[in-house]
$ cat input.pdb   # PDB, C-alpha atoms, pLDDT in the B column
ATOM      1  CA  MET A   1      -6.264 -14.376   9.930  1.00 93.00           C
ATOM      2  CA  ARG A   2      -8.254 -12.705   7.163  1.00 94.00           C
ATOM      3  CA  ILE A   3      -6.930  -9.330   5.983  1.00 95.00           C
ATOM      4  CA  ILE A   4      -9.200  -6.652   4.496  1.00 96.00           C
ATOM      5  CA  GLY A   5      -7.505  -3.862   2.550  1.00 95.00           C
ATOM      6  CA  ILE A   6      -8.838  -0.314   2.664  1.00 95.00           C
ATOM      7  CA  THR A   7      -8.210   2.025  -0.240  1.00 92.00           C
ATOM      8  CA  GLY A   8      -9.648   5.263  -1.598  1.00 92.00           C
ATOM      9  CA  GLY A   9      -8.702   8.783  -2.557  1.00 90.00           C
ATOM     10  CA  VAL A  10      -6.656  11.170  -0.444  1.00 90.00           C
ATOM     11  CA  ALA A  11      -8.676  12.218   2.661  1.00 91.00           C
ATOM     12  CA  SER A  12     -11.611  10.004   1.673  1.00 93.00           C
ATOM     13  CA  GLY A  13     -11.998   8.597   5.200  1.00 93.00           C
ATOM     14  CA  LYS A  14      -9.977   5.364   5.013  1.00 93.00           C
ATOM     15  CA  SER A  15      -8.771   5.681   8.607  1.00 91.00           C
ATOM     16  CA  THR A  16     -12.322   6.447   9.763  1.00 94.00           C
ATOM     17  CA  VAL A  17     -13.557   3.208   8.187  1.00 96.00           C
ATOM     18  CA  ALA A  18     -10.595   1.320   9.719  1.00 95.00           C
ATOM     19  CA  ARG A  19     -11.464   2.705  13.187  1.00 95.00           C
ATOM     20  CA  LEU A  20     -15.125   1.715  12.779  1.00 97.00           C
ATOM     21  CA  LEU A  21     -14.072  -1.821  11.853  1.00 97.00           C
ATOM     22  CA  GLU A  22     -11.683  -1.869  14.800  1.00 96.00           C
ATOM     23  CA  ARG A  23     -14.568  -0.999  17.158  1.00 97.00           C
ATOM     24  CA  LEU A  24     -16.492  -3.950  15.719  1.00 97.00           C
ATOM     25  CA  GLY A  25     -13.615  -6.315  16.514  1.00 95.00           C
ATOM     26  CA  ALA A  26     -11.076  -6.118  13.693  1.00 97.00           C
ATOM     27  CA  GLY A  27      -7.384  -5.668  14.284  1.00 97.00           C
ATOM     28  CA  VAL A  28      -5.686  -2.817  12.403  1.00 95.00           C
ATOM     29  CA  LEU A  29      -2.487  -3.086  10.387  1.00 95.00           C
ATOM     30  CA  ASP A  30      -1.291   0.498  10.309  1.00 88.00           C
ATOM     31  CA  ALA A  31       0.894   1.253   7.274  1.00 89.00           C
ATOM     32  CA  ASP A  32       1.310   4.877   8.379  1.00 88.00           C
ATOM     33  CA  ARG A  33       2.817   3.773  11.699  1.00 90.00           C
ATOM     34  CA  ALA A  34       4.988   1.249   9.844  1.00 94.00           C
ATOM     35  CA  GLY A  35       6.113   4.103   7.573  1.00 94.00           C
ATOM     36  CA  HIS A  36       7.133   6.182  10.607  1.00 94.00           C
ATOM     37  CA  GLU A  37       9.124   3.224  11.952  1.00 96.00           C
ATOM     38  CA  ALA A  38      10.799   2.624   8.570  1.00 97.00           C
ATOM     39  CA  LEU A  39      11.987   6.242   8.398  1.00 97.00           C
ATOM     40  CA  ARG A  40      13.705   5.847  11.774  1.00 97.00           C
ATOM     41  CA  LEU A  41      15.822   2.861  10.716  1.00 98.00           C
ATOM     42  CA  PRO A  42      19.552   3.753  10.681  1.00 97.00           C
ATOM     43  CA  HIS A  43      20.161   2.480   7.126  1.00 97.00           C
ATOM     44  CA  VAL A  44      17.113   4.396   5.813  1.00 98.00           C
ATOM     45  CA  GLU A  45      18.277   7.591   7.552  1.00 98.00           C
ATOM     46  CA  ALA A  46      21.785   7.090   6.136  1.00 98.00           C
ATOM     47  CA  ALA A  47      20.452   6.576   2.587  1.00 98.00           C
ATOM     48  CA  ALA A  48      18.199   9.654   2.909  1.00 98.00           C
ATOM     49  CA  ARG A  49      21.142  11.727   4.102  1.00 97.00           C
ATOM     50  CA  ARG A  50      23.266  10.575   1.150  1.00 97.00           C
ATOM     51  CA  ARG A  51      20.457  11.334  -1.311  1.00 98.00           C
ATOM     52  CA  TRP A  52      19.023  14.598   0.055  1.00 97.00           C
ATOM     53  CA  GLY A  53      21.487  15.853   2.672  1.00 97.00           C
ATOM     54  CA  GLU A  54      20.266  17.630   5.792  1.00 96.00           C
ATOM     55  CA  ALA A  55      17.337  19.251   3.919  1.00 95.00           C
ATOM     56  CA  VAL A  56      14.955  16.429   4.937  1.00 97.00           C
ATOM     57  CA  PHE A  57      16.088  16.205   8.578  1.00 98.00           C
ATOM     58  CA  GLY A  58      14.565  18.069  11.509  1.00 96.00           C
ATOM     59  CA  PRO A  59      16.448  19.747  14.374  1.00 95.00           C
ATOM     60  CA  GLU A  60      16.415  16.530  16.427  1.00 94.00           C
ATOM     61  CA  GLY A  61      18.323  14.686  13.671  1.00 95.00           C
ATOM     62  CA  ARG A  62      15.427  12.535  12.469  1.00 97.00           C
ATOM     63  CA  ILE A  63      13.784  12.555   9.032  1.00 98.00           C
ATOM     64  CA  ASP A  64      11.083  15.223   9.013  1.00 97.00           C
ATOM     65  CA  ARG A  65       8.113  13.922   7.015  1.00 94.00           C
ATOM     66  CA  THR A  66       6.950  17.400   5.999  1.00 91.00           C
ATOM     67  CA  ARG A  67      10.385  18.288   4.606  1.00 95.00           C
ATOM     68  CA  LEU A  68      10.641  14.911   2.900  1.00 96.00           C
ATOM     69  CA  ALA A  69       7.186  15.378   1.346  1.00 92.00           C
ATOM     70  CA  ARG A  70       8.331  18.636  -0.285  1.00 92.00           C
ATOM     71  CA  VAL A  71      11.030  16.652  -2.106  1.00 95.00           C
ATOM     72  CA  VAL A  72       9.096  13.522  -3.091  1.00 94.00           C
ATOM     73  CA  PHE A  73       5.859  15.305  -4.016  1.00 91.00           C
ATOM     74  CA  ALA A  74       7.597  18.055  -5.992  1.00 90.00           C
ATOM     75  CA  PRO A  75       5.936  18.598  -9.377  1.00 87.00           C
ATOM     76  CA  GLY A  76       7.213  16.987 -12.547  1.00 88.00           C
ATOM     77  CA  PRO A  77       9.595  14.124 -13.270  1.00 92.00           C
ATOM     78  CA  GLU A  78      12.055  15.133 -10.540  1.00 93.00           C
ATOM     79  CA  GLY A  79       9.495  14.600  -7.754  1.00 92.00           C
ATOM     80  CA  GLU A  80       8.427  11.325  -9.325  1.00 92.00           C
ATOM     81  CA  ARG A  81      12.048  10.110  -9.470  1.00 96.00           C
ATOM     82  CA  GLU A  82      12.649  10.995  -5.808  1.00 97.00           C
ATOM     83  CA  ARG A  83       9.363   9.393  -4.738  1.00 94.00           C
ATOM     84  CA  LEU A  84      10.286   6.178  -6.548  1.00 95.00           C
ATOM     85  CA  TYR A  85      13.638   6.156  -4.758  1.00 97.00           C
ATOM     86  CA  LEU A  86      11.920   6.621  -1.387  1.00 97.00           C
ATOM     87  CA  GLU A  87       9.416   3.831  -2.118  1.00 95.00           C
ATOM     88  CA  GLN A  88      12.173   1.403  -3.132  1.00 96.00           C
ATOM     89  CA  LEU A  89      13.994   2.299   0.083  1.00 96.00           C
ATOM     90  CA  THR A  90      11.055   2.092   2.493  1.00 96.00           C
ATOM     91  CA  HIS A  91       8.384  -0.238   1.066  1.00 94.00           C
ATOM     92  CA  PRO A  92      10.265  -3.477   1.882  1.00 93.00           C
ATOM     93  CA  GLU A  93      10.733  -2.235   5.464  1.00 95.00           C
ATOM     94  CA  ILE A  94       7.089  -1.148   5.761  1.00 94.00           C
ATOM     95  CA  ALA A  95       6.027  -4.596   4.510  1.00 91.00           C
ATOM     96  CA  ARG A  96       8.280  -6.202   7.168  1.00 93.00           C
ATOM     97  CA  PHE A  97       6.733  -4.074   9.939  1.00 94.00           C
ATOM     98  CA  LEU A  98       3.237  -4.915   8.666  1.00 93.00           C
ATOM     99  CA  ARG A  99       4.061  -8.631   8.790  1.00 91.00           C
ATOM    100  CA  LEU A 100       5.236  -8.220  12.402  1.00 94.00           C
ATOM    101  CA  GLN A 101       1.978  -6.408  13.251  1.00 94.00           C
ATOM    102  CA  ALA A 102      -0.016  -9.188  11.530  1.00 93.00           C
ATOM    103  CA  ASP A 103       1.878 -11.917  13.387  1.00 95.00           C
ATOM    104  CA  ALA A 104       1.207 -10.187  16.719  1.00 96.00           C
ATOM    105  CA  LEU A 105      -2.513  -9.818  15.955  1.00 96.00           C
ATOM    106  CA  ALA A 106      -2.822 -13.440  14.804  1.00 96.00           C
ATOM    107  CA  ALA A 107      -0.969 -14.656  17.918  1.00 97.00           C
ATOM    108  CA  ALA A 108      -3.452 -12.697  20.048  1.00 97.00           C
ATOM    109  CA  GLY A 109      -6.338 -14.555  18.392  1.00 96.00           C
ATOM    110  CA  THR A 110      -7.499 -11.830  16.003  1.00 96.00           C
ATOM    111  CA  THR A 111      -9.478 -13.388  13.140  1.00 95.00           C
ATOM    112  CA  VAL A 112      -9.960 -10.308  10.908  1.00 96.00           C
ATOM    113  CA  ALA A 113      -7.526  -7.422  10.388  1.00 97.00           C
ATOM    114  CA  VAL A 114      -7.841  -4.325   8.228  1.00 96.00           C
ATOM    115  CA  LEU A 115      -4.870  -2.973   6.312  1.00 95.00           C
ATOM    116  CA  ASP A 116      -5.112   0.816   6.212  1.00 87.00           C
ATOM    117  CA  ALA A 117      -2.544   1.750   3.548  1.00 83.00           C
ATOM    118  CA  PRO A 118      -2.766   4.737   1.191  1.00 78.00           C
ATOM    119  CA  LEU A 119      -0.595   2.915  -1.395  1.00 81.00           C
ATOM    120  CA  LEU A 120      -2.298  -0.475  -1.067  1.00 86.00           C
ATOM    121  CA  LEU A 121      -2.399  -1.122  -4.827  1.00 83.00           C
ATOM    122  CA  GLU A 122       0.793   0.719  -5.742  1.00 83.00           C
ATOM    123  CA  ALA A 123       2.921  -1.205  -3.231  1.00 85.00           C
ATOM    124  CA  GLY A 124       1.422  -4.581  -4.171  1.00 84.00           C
ATOM    125  CA  TRP A 125      -0.054  -5.110  -0.692  1.00 85.00           C
ATOM    126  CA  LYS A 126      -3.485  -5.899  -2.161  1.00 85.00           C
ATOM    127  CA  ASP A 127      -2.115  -9.423  -2.648  1.00 83.00           C
ATOM    128  CA  LEU A 128      -2.160  -9.853   1.153  1.00 85.00           C
ATOM    129  CA  CYS A 129      -5.877  -9.065   1.280  1.00 92.00           C
ATOM    130  CA  GLU A 130      -8.862 -11.350   0.974  1.00 93.00           C
ATOM    131  CA  LYS A 131     -11.105  -8.388   0.108  1.00 94.00           C
ATOM    132  CA  THR A 132     -10.576  -4.715  -0.682  1.00 95.00           C
ATOM    133  CA  VAL A 133     -12.855  -1.874   0.426  1.00 96.00           C
ATOM    134  CA  PHE A 134     -12.902   1.376  -1.538  1.00 95.00           C
ATOM    135  CA  VAL A 135     -13.891   4.424   0.543  1.00 96.00           C
ATOM    136  CA  GLU A 136     -15.621   6.957  -1.666  1.00 95.00           C
ATOM    137  CA  ALA A 137     -16.074  10.687  -1.053  1.00 93.00           C
ATOM    138  CA  PRO A 138     -16.514  13.610  -3.461  1.00 92.00           C
ATOM    139  CA  PRO A 139     -13.444  15.692  -4.366  1.00 90.00           C
ATOM    140  CA  GLU A 140     -14.684  18.845  -2.612  1.00 92.00           C
ATOM    141  CA  ALA A 141     -15.215  16.961   0.681  1.00 91.00           C
ATOM    142  CA  ARG A 142     -11.779  15.352   0.431  1.00 92.00           C
ATOM    143  CA  LEU A 143     -10.104  18.677  -0.330  1.00 91.00           C
ATOM    144  CA  SER A 144     -11.882  20.290   2.627  1.00 91.00           C
ATOM    145  CA  ARG A 145     -10.624  17.523   4.950  1.00 90.00           C
ATOM    146  CA  ALA A 146      -7.088  17.854   3.575  1.00 89.00           C
ATOM    147  CA  LEU A 147      -7.123  21.628   4.141  1.00 91.00           C
ATOM    148  CA  ALA A 148      -8.286  20.991   7.725  1.00 91.00           C
ATOM    149  CA  ARG A 149      -5.150  18.835   8.184  1.00 88.00           C
ATOM    150  CA  GLY A 150      -3.001  21.830   7.323  1.00 88.00           C
ATOM    151  CA  TRP A 151      -2.314  20.913   3.694  1.00 87.00           C
ATOM    152  CA  ASP A 152      -2.831  23.338   0.830  1.00 87.00           C
ATOM    153  CA  LYS A 153      -4.420  22.637  -2.572  1.00 90.00           C
ATOM    154  CA  GLU A 154      -1.015  21.907  -4.098  1.00 87.00           C
ATOM    155  CA  ASP A 155      -0.222  19.296  -1.393  1.00 84.00           C
ATOM    156  CA  PHE A 156      -3.577  17.635  -2.025  1.00 89.00           C
ATOM    157  CA  ALA A 157      -3.101  17.577  -5.810  1.00 87.00           C
ATOM    158  CA  ALA A 158       0.479  16.269  -5.528  1.00 84.00           C
ATOM    159  CA  ARG A 159      -0.535  13.363  -3.302  1.00 85.00           C
ATOM    160  CA  GLU A 160      -3.528  12.543  -5.482  1.00 87.00           C
ATOM    161  CA  ASP A 161      -1.348  12.544  -8.618  1.00 85.00           C
ATOM    162  CA  ALA A 162       1.152  10.205  -6.939  1.00 81.00           C
ATOM    163  CA  GLN A 163      -1.460   7.460  -6.477  1.00 84.00           C
ATOM    164  CA  GLU A 164      -3.360   5.119  -8.771  1.00 84.00           C
ATOM    165  CA  SER A 165      -6.409   6.723 -10.364  1.00 87.00           C
ATOM    166  CA  LEU A 166      -9.599   6.597  -8.307  1.00 88.00           C
ATOM    167  CA  GLN A 167     -11.346   4.769 -11.153  1.00 91.00           C
ATOM    168  CA  ARG A 168      -8.736   1.998 -11.065  1.00 90.00           C
ATOM    169  CA  LYS A 169      -8.867   1.728  -7.262  1.00 90.00           C
ATOM    170  CA  ARG A 170     -12.660   1.625  -7.326  1.00 92.00           C
ATOM    171  CA  GLY A 171     -12.675  -0.919 -10.149  1.00 92.00           C
ATOM    172  CA  ARG A 172     -10.394  -3.288  -8.237  1.00 91.00           C
ATOM    173  CA  ALA A 173     -12.369  -3.110  -4.979  1.00 94.00           C
ATOM    174  CA  ASP A 174     -14.782  -5.778  -3.745  1.00 95.00           C
ATOM    175  CA  VAL A 175     -16.856  -3.389  -1.610  1.00 96.00           C
ATOM    176  CA  ILE A 176     -17.653   0.348  -1.876  1.00 97.00           C
ATOM    177  CA  ILE A 177     -18.281   2.415   1.265  1.00 97.00           C
ATOM    178  CA  ASP A 178     -19.815   5.821   0.503  1.00 96.00           C
ATOM    179  CA  ASN A 179     -18.358   8.278   3.005  1.00 95.00           C
ATOM    180  CA  SER A 180     -19.939  11.394   1.484  1.00 93.00           C
ATOM    181  CA  GLY A 181     -22.843  11.671   3.923  1.00 91.00           C
ATOM    182  CA  PRO A 182     -23.318  11.869   7.689  1.00 93.00           C
ATOM    183  CA  PRO A 183     -21.147   9.636   9.934  1.00 94.00           C
ATOM    184  CA  GLU A 184     -24.142   7.452  10.867  1.00 96.00           C
ATOM    185  CA  ARG A 185     -24.623   6.472   7.221  1.00 97.00           C
ATOM    186  CA  THR A 186     -20.976   5.472   6.886  1.00 97.00           C
ATOM    187  CA  GLN A 187     -21.209   3.515  10.129  1.00 97.00           C
ATOM    188  CA  ALA A 188     -24.317   1.647   8.929  1.00 98.00           C
ATOM    189  CA  GLN A 189     -22.496   0.581   5.741  1.00 98.00           C
ATOM    190  CA  VAL A 190     -19.449  -0.556   7.724  1.00 98.00           C
ATOM    191  CA  GLU A 191     -21.671  -2.559  10.095  1.00 97.00           C
ATOM    192  CA  ARG A 192     -23.384  -4.287   7.136  1.00 97.00           C
ATOM    193  CA  PHE A 193     -20.003  -5.140   5.650  1.00 97.00           C
ATOM    194  CA  TRP A 194     -18.740  -6.475   9.012  1.00 97.00           C
ATOM    195  CA  ALA A 195     -21.856  -8.619   9.395  1.00 95.00           C
ATOM    196  CA  SER A 196     -21.208 -10.133   5.955  1.00 93.00           C
ATOM    197  CA  LEU A 197     -17.648 -10.994   7.054  1.00 90.00           C
ATOM    198  CA  VAL A 198     -18.451 -12.648  10.360  1.00 85.00           C
ATOM    199  CA  ARG A 199     -21.706 -14.468   9.632  1.00 78.00           C
TER     200      ARG A 199
END
$ encode --input "input.pdb" --output "structure tokens"
Amino acid sequence: MRIIGITGGVASGKSTVARLLERLGAGVLDADRAGHEALRLPHVEAAARRRWGEAVFGPEGRIDRTRLARVVFAPGPEGERERLYLEQLTHPEIARFLRLQADALAAAGTTVAVLDAPLLLEAGWKDLCEKTVFVEAPPEARLSRALARGWDKEDFAAREDAQESLQRKRGRADVIIDNSGPPERTQAQVERFWASLVR
């Protein structure tokens, strides 16, 4: 099974491009879902409790991603140190869940899958991919989308700062999808890319 990685800036439309490819016939490897599953593992919860106490847990006793984000996206070296700890704790588990997803898709006869992962380059998952697509959108559009998700400007900036630079992501991509215009234009680009994959 061929795997296509999708990368781009925060709120650039990576999941939108993944959904469009899914409609055309691709399977989707969902790193966000794998991340949710990793945070529910008993040994991950135990390590989080040892490191951060109850501050990152919700009332139901599970890790609360919003509370955790406040710790790992805190400004300065402290946030960076905590984020690195979290990545070392969860990335191997996320990779394991992604492999299970890939095995299930391949067993079902899927020939192309897209890996929708915000930290595709940072986590080293680009190595799994035959090609990488960079989804481009201007900063003001991305900020507007992030605000619509309930983030504030500080959340947006913290997440952007935690990732590889956009120039580096763009430079390492095989294909650029411009998601700055109307949805139909994005869809047309995705369809052209899909046609180049399957012909």
$ closest_atom_pairs --input "input.pdb" --of "range 7-36 of chain A" --to "range 63-74 of chain A" --cutoff "12 Å" --atoms "only C-alpha atoms" --output "CSV"
residue,atom,partner,partner_atom,distance
A:Asp32,CA,A:Arg65,CA,11.4
A:Gly35,CA,A:Arg65,CA,10.0
A:His36,CA,A:Arg65,CA,8.6
$ closest_residue --input "input.pdb" --among "A:Phe156, A:Ala102, A:Leu41, A:Arg96" --to "Ser144 in chain A" --atoms "all atoms listed in the file"
A:Phe156
$ residues_around --input "input.pdb" --residues "Arg170 in chain A" --least-positions-apart "5" --cutoff "8 Å" --atoms "all atoms listed in the file" --output "VMD selection string"
chain A and resid 8 134 176
$ residues_around --input "input.pdb" --residues "Ser180 in chain A" --least-positions-apart "6" --cutoff "8 Å" --atoms "all atoms listed in the file" --output "PyMOL selection string"
chain A and resi 136-138+141
$ residues_around --input "input.pdb" --residues "range 10-12 of chain A" --least-positions-apart "6" --cutoff "7 Å" --atoms "all atoms listed in the file" --output "CSV table (one decimal) with C-alpha atoms, keeping the file's coordinate frame"
chain,number,residue,atom,x,y,z
A,135,VAL,CA,-13.9,4.4,0.5
A,136,GLU,CA,-15.6,7.0,-1.7
A,137,ALA,CA,-16.1,10.7,-1.1
A,142,ARG,CA,-11.8,15.4,0.4
A,145,ARG,CA,-10.6,17.5,5.0
A,146,ALA,CA,-7.1,17.9,3.6
A,160,GLU,CA,-3.5,12.5,-5.5
$ resolve_selection --input "input.pdb" --expression "the PyMOL selection byres ((chain A and resi 168) around 12)" --output "PDB file with C-alpha atoms, in the frame of the given file"
ATOM      1  CA  THR A   7      -8.210   2.025  -0.240  1.00 92.00           C
ATOM      2  CA  GLY A   8      -9.648   5.263  -1.598  1.00 92.00           C
ATOM      3  CA  GLY A   9      -8.702   8.783  -2.557  1.00 90.00           C
ATOM      4  CA  LEU A 121      -2.399  -1.122  -4.827  1.00 83.00           C
ATOM      5  CA  GLU A 122       0.793   0.719  -5.742  1.00 83.00           C
ATOM      6  CA  PHE A 134     -12.902   1.376  -1.538  1.00 95.00           C
ATOM      7  CA  GLN A 163      -1.460   7.460  -6.477  1.00 84.00           C
ATOM      8  CA  GLU A 164      -3.360   5.119  -8.771  1.00 84.00           C
ATOM      9  CA  SER A 165      -6.409   6.723 -10.364  1.00 87.00           C
ATOM     10  CA  LEU A 166      -9.599   6.597  -8.307  1.00 88.00           C
ATOM     11  CA  GLN A 167     -11.346   4.769 -11.153  1.00 91.00           C
ATOM     12  CA  LYS A 169      -8.867   1.728  -7.262  1.00 90.00           C
ATOM     13  CA  ARG A 170     -12.660   1.625  -7.326  1.00 92.00           C
ATOM     14  CA  GLY A 171     -12.675  -0.919 -10.149  1.00 92.00           C
ATOM     15  CA  ARG A 172     -10.394  -3.288  -8.237  1.00 91.00           C
ATOM     16  CA  ALA A 173     -12.369  -3.110  -4.979  1.00 94.00           C
TER      17      ALA A 173
END
$ resolve_selection --input "input.pdb" --expression "the PyMOL selection byres ((chain A and resi 22) around 12)" --output "ChimeraX atom specification"
/A:4,15-21,23-30,110-116,187,190-191,194
$ atom_distance --input "input.pdb" --atom1 "CA of His91 in chain A" --atom2 "CA of Lys126 in chain A"
13.5 Å
$ residues_around --input "input.pdb" --residues "Arg40 in chain A" --least-positions-apart "3" --cutoff "12 Å" --atoms "only C-alpha atoms" --output "list in words"
Arg33, Ala34, Gly35, His36, Glu37, His43, Val44, Glu45, Ala46, Ala47, Ala48, Phe57, Glu60, Gly61, Arg62, Ile63, Asp64, Arg65, Thr90, Glu93 and Ile94 of chain A
$ atom_distance --input "input.pdb" --atom1 "CA of Pro92 in chain A" --atom2 "CA of Val133 in chain A"
23.2 Å
$ closest_residue --input "input.pdb" --among "A:Ile177, A:Ala38, A:Arg2, A:Leu197" --to "Phe97 in chain A" --atoms "all atoms listed in the file"
A:Ala38
$ closest_residue --input "input.pdb" --among "A:Leu143, A:Leu128, A:Ala107, A:Ile3" --to "Asp155 in chain A" --atoms "only C-alpha atoms"
A:Leu143
$ atom_distance --input "input.pdb" --atom1 "CA of Pro42 in chain A" --atom2 "CA of Arg99 in chain A"
19.9 Å
$ closest_residue --input "input.pdb" --among "A:Met1, A:Ala117, A:Arg149, A:Asp161" --to "Ala104 in chain A" --atoms "all atoms listed in the file"
A:Met1
$ axis_aligned_box --input "input.pdb" --around "range 52-57 of chain A" --padding-each-side "4 Å" --output "JSON"
{"center_x": 18.2, "center_y": 16.9, "center_z": 4.3, "size_x": 14.5, "size_y": 12.7, "size_z": 16.5}
